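Engineer: Have a look at this one.
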Number of protein chains: 2
Amino acid sequence: MELTVEVLPIMTGGSRIAILSEGSASLLGVHSSDRIKIRYGKQEMIAIANIAPIFPHNRIGLYDETAKAIGVKEDETVDVLLAPLPESLFNVRAKLRGERLRENDIVTIVRDVVERHLSSAEIAGFLTALSIHGLSTSENEALSKAMVATGKKLDFGEGPILDKHSVGGIPGDKTSMIVVPIVAAAGYTIPKTSSRAITSPAGTADRVETLCPVTLSTTEIKEVVAKTNGCLVWGGSLELAPADDLFIQVEYPLGIDPMLLPSILSKKKAIGATHVAIDIPTGMGAKIKTRTEAYTLASDFVDLGKRLGLNIQCALTFGEQPLGNCIGPALEASEALTTLMGTGPPDLRDKAVSLAGMLFEMVGTENGQAKAEEMLDSGRAEAKLREIISAQGGNPKIKPNDLPIGSHSAELLSERAGKVMWVSTENIVRIAREAGAPKDKGAGLVLKAKLGDAVHKDGVLIEIYAERSSKLSSALELAKHLSPVVLSTKPAEKMVLDQVPEKLAHEKGFSLDR
Amino acid sequence: MELTVEVLPIMTGGSRIAILSEGSASLLGVHSSDRIKIRYGKQEMIAIANIAPIFPHNRIGLYDETAKAIGVKEDETVDVLLAPLPESLFNVRAKLRGERLRENDIVTIVRDVVERHLSSAEIAGFLTALSIHGLSTSENEALSKAMVATGKKLDFGEGPILDKHSVGGIPGDKTSMIVVPIVAAAGYTIPKTSSRAITSPAGTADRVETLCPVTLSTTEIKEVVAKTNGCLVWGGSLELAPADDLFIQVEYPLGIDPMLLPSILSKKKAIGATHVAIDIPTGMGAKIKTRTEAYTLASDFVDLGKRLGLNIQCALTFGEQPLGNCIGPALEASEALTTLMGTGPPDLRDKAVSLAGMLFEMVGTENGQAKAEEMLDSGRAEAKLREIISAQGGNPKIKPNDLPIGSHSAELLSERAGKVMWVSTENIVRIAREAGAPKDKGAGLVLKAKLGDAVHKDGVLIEIYAERSSKLSSALELAKHLSPVVLSTKPAEKMVLDQVPEKLAHEKGFSLDR
């Protein structure tokens with residue numbers, strides 16, 4: 001059917017959508033969310049049809065980028081016909097029925113996701129089925145390879161290329177900012193790409209951004225790494241695994257994360273990593289709740305790594321409370337810097353040198369932890385971070401106190417004396433976000449009492465920082481309401497976690513930050 | 001944040017979508033598919049945010065109907081803020097985790113689907129989880145009630161109100177066109193609403209439309225039923241269960257049908273039915289493959305009916321081959337008319353009088369089948385159908401041959417002699433659709449050899465009819481390729497249904513026509 005193009009002056013961020021009137025749709029036999037083939041001269045394109053009750057019958061609406069993709073202009077004519085269902089959709093349906101997918105099946109899906117031949121509803125069905133049925137190692141392998149194949153790559157030449165990654169789930173985890181300079185200071189290449197916060201108060205990219213730019217081009221990244229052996233940049237703009245970026249957009253509202261393994265390892269593969277240390281924070285307050293889950297995930301990481309040619313070691317780490325004391329982009333950057341300067345919190349220091357040590361031993365060093373401590377205590381790691389800051393365009397002389405912490409602050413005091421029995425990481429996250437993190441870089445909180453600490457009546461449990469007084473007061477109010485730091489005398493008062501049929505709380509804490 | 005409205009001159013068919021620039025989105029802390037609250041004077045609205053890489057920072061794009069819904073015009077200013085995740089989404093997430101949902105949880109979901117507060121991706125996640133985890137009777141009950149509560153109702157006064165429904169799955173099933181006049185002729189009220197074909201060659205609405213209009217207003221429907229005791233109309237425009245119409249849009253591409261029970265019974269409830277006969281075609285060629293499945297589904301229908309105050313009887317019917325001989329809207333209407341005139345195929349006649357008889361016995365008649373046969377043989381049923389045709393605005397004197405059958409026809413001949421062992425309903429459907437059905441009302445096919453029939457070499461297996469010669473030839477080609485009628489000598493030659501890892505076929509036959 002010949003239709004005249006109406007270009008809609010909107011960039012939708014890639015999705016190939018065409019708008020048809022109900023009239024022309026029924027003439028074409030097109031139902032909502034069917035695919036149509038649009039022919040313009042020698043060009044052909046598949047688009048997903050949106051059927052609009054009121055739209056000119058002789059016209060087809062194309063979003064700006066859809067029109068550009070096929071090179072057609074306003075008022076030009078295109079030939080439109082009903083396209084057959086893509087093979088990838090039959091593979092999606094097979095997964096919904098619980099079938100195992102073979103490598104080729106998965107290739108069709110990942111390719112059609114990247115080429116926008118599958119709608120967000122179809123992608124959601126696929127991801128939900130994966131999250132319920134689980135993935136076989138072969139499926140994880142095929143997904144990882146397909147996501148690498150459809151993305152860009154970074155080449156840092158001769159190996160070994162080291163990397164570190166946390167599956168996430170506890171607030172205040174600024175370990176990468178310390179591990180990277182330690183490893184780079186020892187002369188190893190560690191090009192670290194990180195994500196921004198989606199559901200947490202700060203991602204590594206948000207933290208580092210308070211010290212220097214993190215949105216670098218691939219050329220700039222190579223220069224930084226060539227100069228310093230390392231980098232701390234935002235991975236989001238590098239298109240290392242564009243399919244995963246699209247999957248995450250759908251996973252986020254649904255609160256599922258079925259592609260944890262391929263999502264992480266595809267990006268490691270894309271930057272050419274050879275040795276990867278994976279941190280699995282484990283505890284009721286973390287994404288991974290039990291040791292059993294953690295051990296299963298760890299061995300899946302190792303197996304998948306082998307299949308992808310990656311040498312992987314996993315560390316199960318204590319995930320019952322936030323790491324260090326500071327939560328929020330600037331506060332965490334400042335704490336990381338302090339730790340590199342020798343006076344940080346012991347749990348943060350221990351985790352950083354342990355993970356760095358693990359990496360050193362993976363590449364053949366004996367007693368890696370001692371080497372990591374040497375890098376830290378000698379000040380070489382601090383010097384290295386400052387090199388990296390400078391190479392990425394920041395001020396290498398920056399001091400912890402130079403960081404712009406929110407000027408509005410308040411304290412949450414303890415209503416009684418006691419020992420800290422439990423810190424609700426989920427509530428800590430909610431309070432820090434209420435204060436403005438991660439959007440307000442200076443917002444967040446400092447945890448003044450951690451597990452086992454003795455607290456006096458009216459002792460400070462939490463200091464809250466915000467850039468706006470309104471945010472500060474609502475965060476303080478929330479903190480008082482949630483009382484995230486639970487003292488030894490308290491648990492007996494709240495043994496009931498939830499009540500059925502009268503549910504109190506719905507959502508389980510969930511973090512989707514890679 | 002204050003933004004100026006840009007109205008996008010498109011009706012999207014209801015979805016509440018607002019377009020923001022990346023800049024204002026990140027200022028608002030809005031991620032793609034987050035919800036935003038739009039305030040205009042006293043009006044408030046929730047919309048789902050589409051983040052466009054290139055869009056004026058100070059503007060918000062609202063589709064025509066979204067703007068109308070809140071009454072704002074081009075270039076006016078609205079206040080925009082990030083809206084919290086709706087409670088319904090937490091209930092969707094709970095179902096993804098496999099939790100049972102309570103009545104209130106389901107009410108929030110159905111309401112937010114109708115009010116467009118859930119995106120198609122979130123609805124797809126919900127439906128996929130339902131399709132994998134299954135629904136409890138309580139969940140089915142809550143879904144049915146919530147869908148009725150959010151839809152329109154029809155009231156035909158004093159009961160009993162009879163109805164008949166098929167779960168679908170075999171081509172050529174024109175039983176309703178015979179059951180309705182039989183039941184109405186006996187003086188019972190049977191206001192039959194039907195769907196159009198989505199994946200099949202004809203729905204009842206498509207068939208009846210070749211005899212008279214089927215898109216009637218609720219007032220017109222009441223007049224027709226008052227005059228004739230019955231009707232045969234399209235249910236799609238009546239908004240009896242608008243939530244279900246939206247669910248189906250998402251189920252169709254995914255090829256799932258988790259809401260079969262609530263989808264069907266909510267509409268029966270909405271038209272005030274008191275006694276419902278449910279036809280469950282059972283066989284490898286039908287939607288329900290095994291007797292076990294059929295018996296389970298049947299008892300689920302009965303249980304759910306009780307909870308909804310509906311008296312339900314299910315009939316497990318033979319579903320190994322098409323019903324009657326004709327497939328395609330006009331061809332089937334003609335066959336139904338012939339059957340009412342006394343000379344139709346025996347399987348169609350038997351099924352119609354059995355189901356009508358079942359309904360008669362449900363309302364207290366003894367030997368219902370005899371009564372149904374009497375209505376048919378006395379010609380009263382035929383007269384009743386003509387009354388209904390006339391009341392709906394068609395020609396009551398229409399003869400089977402008056403119906404506009406496609407002028408292009410061809411025959412599929414048997415390559416050998418033998419007895420018919422198997423008829424592939426799935427392939428019959430593909431051939432009829434290739435010929436143009438249901439879009440071309442005159443297109444379809446006539447099955448000349450059914451199970452057990454003896455066929456000579458060069459005997460006619462199928463007659464194909466099309467409105468366009470191009471469609472005819474491609475349908476004939478497909479028929480030769482698929483050879484849907486399998487003779488006794490043939491099966492041994494094709495024992496392998498599929499091959500792994502080299503898959504031949506992907507898709508299982510699936511019908512989503514209610």
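Simple scheme: letters A, B, ... for chains in structure tokens order, numbers from 1 for residues in each chain, numbers from 1 for ligands in the order shown.
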What residues in chain B have any atom no more than 8 Å from chain A when counting only C-alpha atoms, and can you write them as a count of residues only?
Structural biologist: 44
Engineer: Can you list, as a short mmCIF file (atom, residue, chain, number, x, y, z; two decimals) with N, CA, C and O atoms, in the first residue's frame, every residue of segment 52-123 of chain B that DSSP puts in strand (DSSP E)?
Structural biologist:
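As a result, result31.cif now contains:
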data_model
loop_
_atom_site.label_atom_id
_atom_site.label_comp_id
_atom_site.auth_asym_id
_atom_site.auth_seq_id
_atom_site.Cartn_x
_atom_site.Cartn_y
_atom_site.Cartn_z
N ALA B 52 13.40 11.52 25.11
CA ALA B 52 13.86 11.71 23.73
C ALA B 52 15.22 12.43 23.74
O ALA B 52 15.35 13.49 24.35
N ARG B 59 10.27 22.00 27.16
CA ARG B 59 8.95 21.55 26.68
C ARG B 59 8.65 20.11 27.09
O ARG B 59 9.55 19.33 27.38
N ILE B 60 7.35 19.80 27.13
CA ILE B 60 6.91 18.43 27.34
C ILE B 60 5.96 18.08 26.19
O ILE B 60 5.09 18.88 25.84
N GLY B 61 6.18 16.95 25.55
CA GLY B 61 5.34 16.53 24.43
C GLY B 61 4.21 15.65 24.92
O GLY B 61 4.44 14.66 25.61
N LEU B 62 2.99 16.06 24.62
CA LEU B 62 1.82 15.27 25.00
C LEU B 62 1.06 14.87 23.75
O LEU B 62 0.78 15.72 22.90
N TYR B 63 0.72 13.59 23.63
CA TYR B 63 -0.11 13.17 22.51
C TYR B 63 -1.50 13.78 22.67
O TYR B 63 -1.95 14.05 23.78
N THR B 77 1.44 26.08 30.12
CA THR B 77 2.47 25.55 31.01
C THR B 77 1.87 24.54 31.98
O THR B 77 0.76 24.74 32.47
N VAL B 78 2.60 23.48 32.24
CA VAL B 78 2.18 22.51 33.25
C VAL B 78 3.31 22.31 34.24
O VAL B 78 4.47 22.60 33.95
N ASP B 79 2.95 21.83 35.44
CA ASP B 79 3.96 21.52 36.44
C ASP B 79 4.20 20.01 36.39
O ASP B 79 3.25 19.22 36.42
N VAL B 80 5.46 19.63 36.26
CA VAL B 80 5.78 18.21 36.08
C VAL B 80 6.68 17.74 37.22
O VAL B 80 7.64 18.42 37.58
N LEU B 81 6.36 16.60 37.82
CA LEU B 81 7.26 16.03 38.82
C LEU B 81 7.28 14.50 38.71
O LEU B 81 6.38 13.90 38.10
N LEU B 82 8.34 13.92 39.27
CA LEU B 82 8.48 12.47 39.26
C LEU B 82 7.39 11.87 40.14
O LEU B 82 7.22 12.27 41.27
#
Engineer: For Thr175 of chain B, work out the shell of residues within 7 Å, counting only C-alpha atoms and skipping chain neighbours fewer than 2 positions away, then give it as JSON, numbers by chain.
Structural biologist: {"B": [173, 177, 178, 179, 348, 352]}
Engineer: Compare A:Thr290, A:Gln369, A:Asn140, A:Asn401 by their minimum atom-to-atom distance to Ser354 of chain A, counting only C-alpha atoms, and give me the closest one.
Structural biologist: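 The closest residue to Ser354 of chain A is A:Gln369.
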Engineer: So which bits of segment 287-424 of chain A end up alpha helix (DSSP H) when you DSSP the backbone, as a PyMOL selection string?
Structural biologist: chain A and resi 291-308+329-340+346-362+368-377+380-391
Engineer: Find the residues near Ala466 of chain B: any atom within 8 Å, counting only C-alpha atoms, skip ones fewer than 2 places away on the same chain, and give them as number ranges by chain.
Structural biologist: B: 405-409, 435-436, 440, 442-444, 464, 468-469, 471-472
Engineer: Restricting it to N, CA, C and O atoms, dump the selection as a compact mmCIF listing (two decimals), in the first residue's frame.
Structural biologist:
# COMPACT_ATOMS: atom_id res chain seq x y z
N ILE B 405 -18.93 -15.36 -2.61
CA ILE B 405 -17.74 -16.21 -2.51
C ILE B 405 -16.72 -15.75 -3.55
O ILE B 405 -17.08 -15.30 -4.63
N GLY B 406 -15.43 -15.82 -3.21
CA GLY B 406 -14.38 -15.37 -4.11
C GLY B 406 -14.52 -15.99 -5.50
O GLY B 406 -14.80 -17.19 -5.61
N SER B 407 -14.32 -15.17 -6.53
CA SER B 407 -14.58 -15.65 -7.91
C SER B 407 -13.42 -16.49 -8.44
O SER B 407 -13.56 -17.21 -9.42
N HIS B 408 -12.25 -16.39 -7.79
CA HIS B 408 -11.11 -17.20 -8.24
C HIS B 408 -11.04 -18.48 -7.41
O HIS B 408 -11.06 -18.41 -6.19
N SER B 409 -11.01 -19.63 -8.08
CA SER B 409 -10.96 -20.87 -7.31
C SER B 409 -10.02 -21.88 -7.96
O SER B 409 -9.72 -21.81 -9.15
N ALA B 435 -5.18 -17.35 1.33
CA ALA B 435 -6.17 -17.05 0.27
C ALA B 435 -6.83 -15.68 0.52
O ALA B 435 -7.49 -15.15 -0.38
N GLY B 436 -6.67 -15.13 1.72
CA GLY B 436 -7.20 -13.79 1.97
C GLY B 436 -8.14 -13.68 3.17
O GLY B 436 -8.49 -12.58 3.59
N ASP B 440 -10.45 -10.72 3.28
CA ASP B 440 -11.33 -10.90 2.12
C ASP B 440 -12.44 -11.87 2.53
O ASP B 440 -12.20 -13.07 2.68
N GLY B 442 -14.84 -13.22 1.08
CA GLY B 442 -15.20 -14.30 0.17
C GLY B 442 -14.12 -15.36 0.04
O GLY B 442 -14.28 -16.36 -0.67
N ALA B 443 -12.98 -15.13 0.71
CA ALA B 443 -11.85 -16.05 0.58
C ALA B 443 -11.96 -17.19 1.58
O ALA B 443 -12.63 -17.06 2.60
N GLY B 444 -11.29 -18.31 1.26
CA GLY B 444 -11.28 -19.45 2.17
C GLY B 444 -11.16 -20.75 1.40
O GLY B 444 -10.66 -20.77 0.27
N ILE B 464 -10.07 -24.17 -3.08
CA ILE B 464 -9.64 -22.88 -2.53
C ILE B 464 -10.35 -21.75 -3.27
O ILE B 464 -10.48 -21.79 -4.50
N ARG B 468 -8.74 -12.44 -5.16
CA ARG B 468 -7.70 -11.97 -6.07
C ARG B 468 -6.89 -13.17 -6.56
O ARG B 468 -6.55 -14.06 -5.77
N SER B 469 -6.56 -13.18 -7.87
CA SER B 469 -5.88 -14.35 -8.46
C SER B 469 -4.51 -14.54 -7.81
O SER B 469 -4.05 -15.67 -7.61
N LYS B 471 -3.66 -14.00 -4.73
CA LYS B 471 -3.87 -14.71 -3.46
C LYS B 471 -4.16 -16.19 -3.73
O LYS B 471 -3.67 -17.08 -3.02
N LEU B 472 -4.97 -16.45 -4.79
CA LEU B 472 -5.32 -17.83 -5.08
C LEU B 472 -4.08 -18.67 -5.35
O LEU B 472 -3.87 -19.73 -4.77
Engineer: In terms of the shortest atom-to-atom distance over only C-alpha atoms, which of B:Glu220, B:Asp206, B:Glu434, B:Asp402 is closest to Trp234 of chain B?
Structural biologist: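 For Trp234 of chain B, the nearest of the candidates is B:Asp206.
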Engineer: Which distance in Å separates atom CA of Val114 of chain A and atom CA of Leu130 of chain A, to one decimal?
Structural biologist: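 Computing it gives 18.2 Å between the two atoms.
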Engineer: So which residues touch Ala381 of chain B within 10 Å, counting only C-alpha atoms, skipping near sequence neighbours fewer than 5 positions away, as a PyMOL selection string?
Structural biologist: chain B and resi 178-186+340-341+372-376+386-387
Engineer: Work out how far atom CA of Ala410 of chain B is from atom CA of Leu482 of chain B, in Å to one decimal.
Structural biologist: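 Atom-to-atom, atom CA of Leu482 of chain B and atom CA of Ala410 of chain B are spaced 15.8 Å apart.
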Engineer: Hey, what's within 10 Å of Thr137 of chain A if we count only C-alpha atoms and toss same-chain stuff fewer than 3 positions away? As a PyMOL selection string, please?
Structural biologist: chain A and resi 134+140-143+261-262+300-301+303-304+307
Engineer: Please, what distance in Å, to one decimal, runs between atom CA of Lys384 of chain B and atom CA of Asn325 of chain B?
Structural biologist: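 According to the coordinates, atom CA of Lys384 of chain B and atom CA of Asn325 of chain B are separated by 23.7 Å.
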Engineer: Could you check which of B:Leu216, B:Ile46, B:Ala417, B:Leu310 is closest to Gly159 of chain B, using only C-alpha atoms?
Structural biologist: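 Result for the nearest residue to Gly159 of chain B: B:Leu310.
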Engineer: What's the 8 Å shell around Ala479 of chain B, counting only C-alpha atoms, without same-chain residues fewer than 4 positions away, as JSON, numbers by chain?
Structural biologist: {"B": [412, 427, 431, 475, 483, 484]}
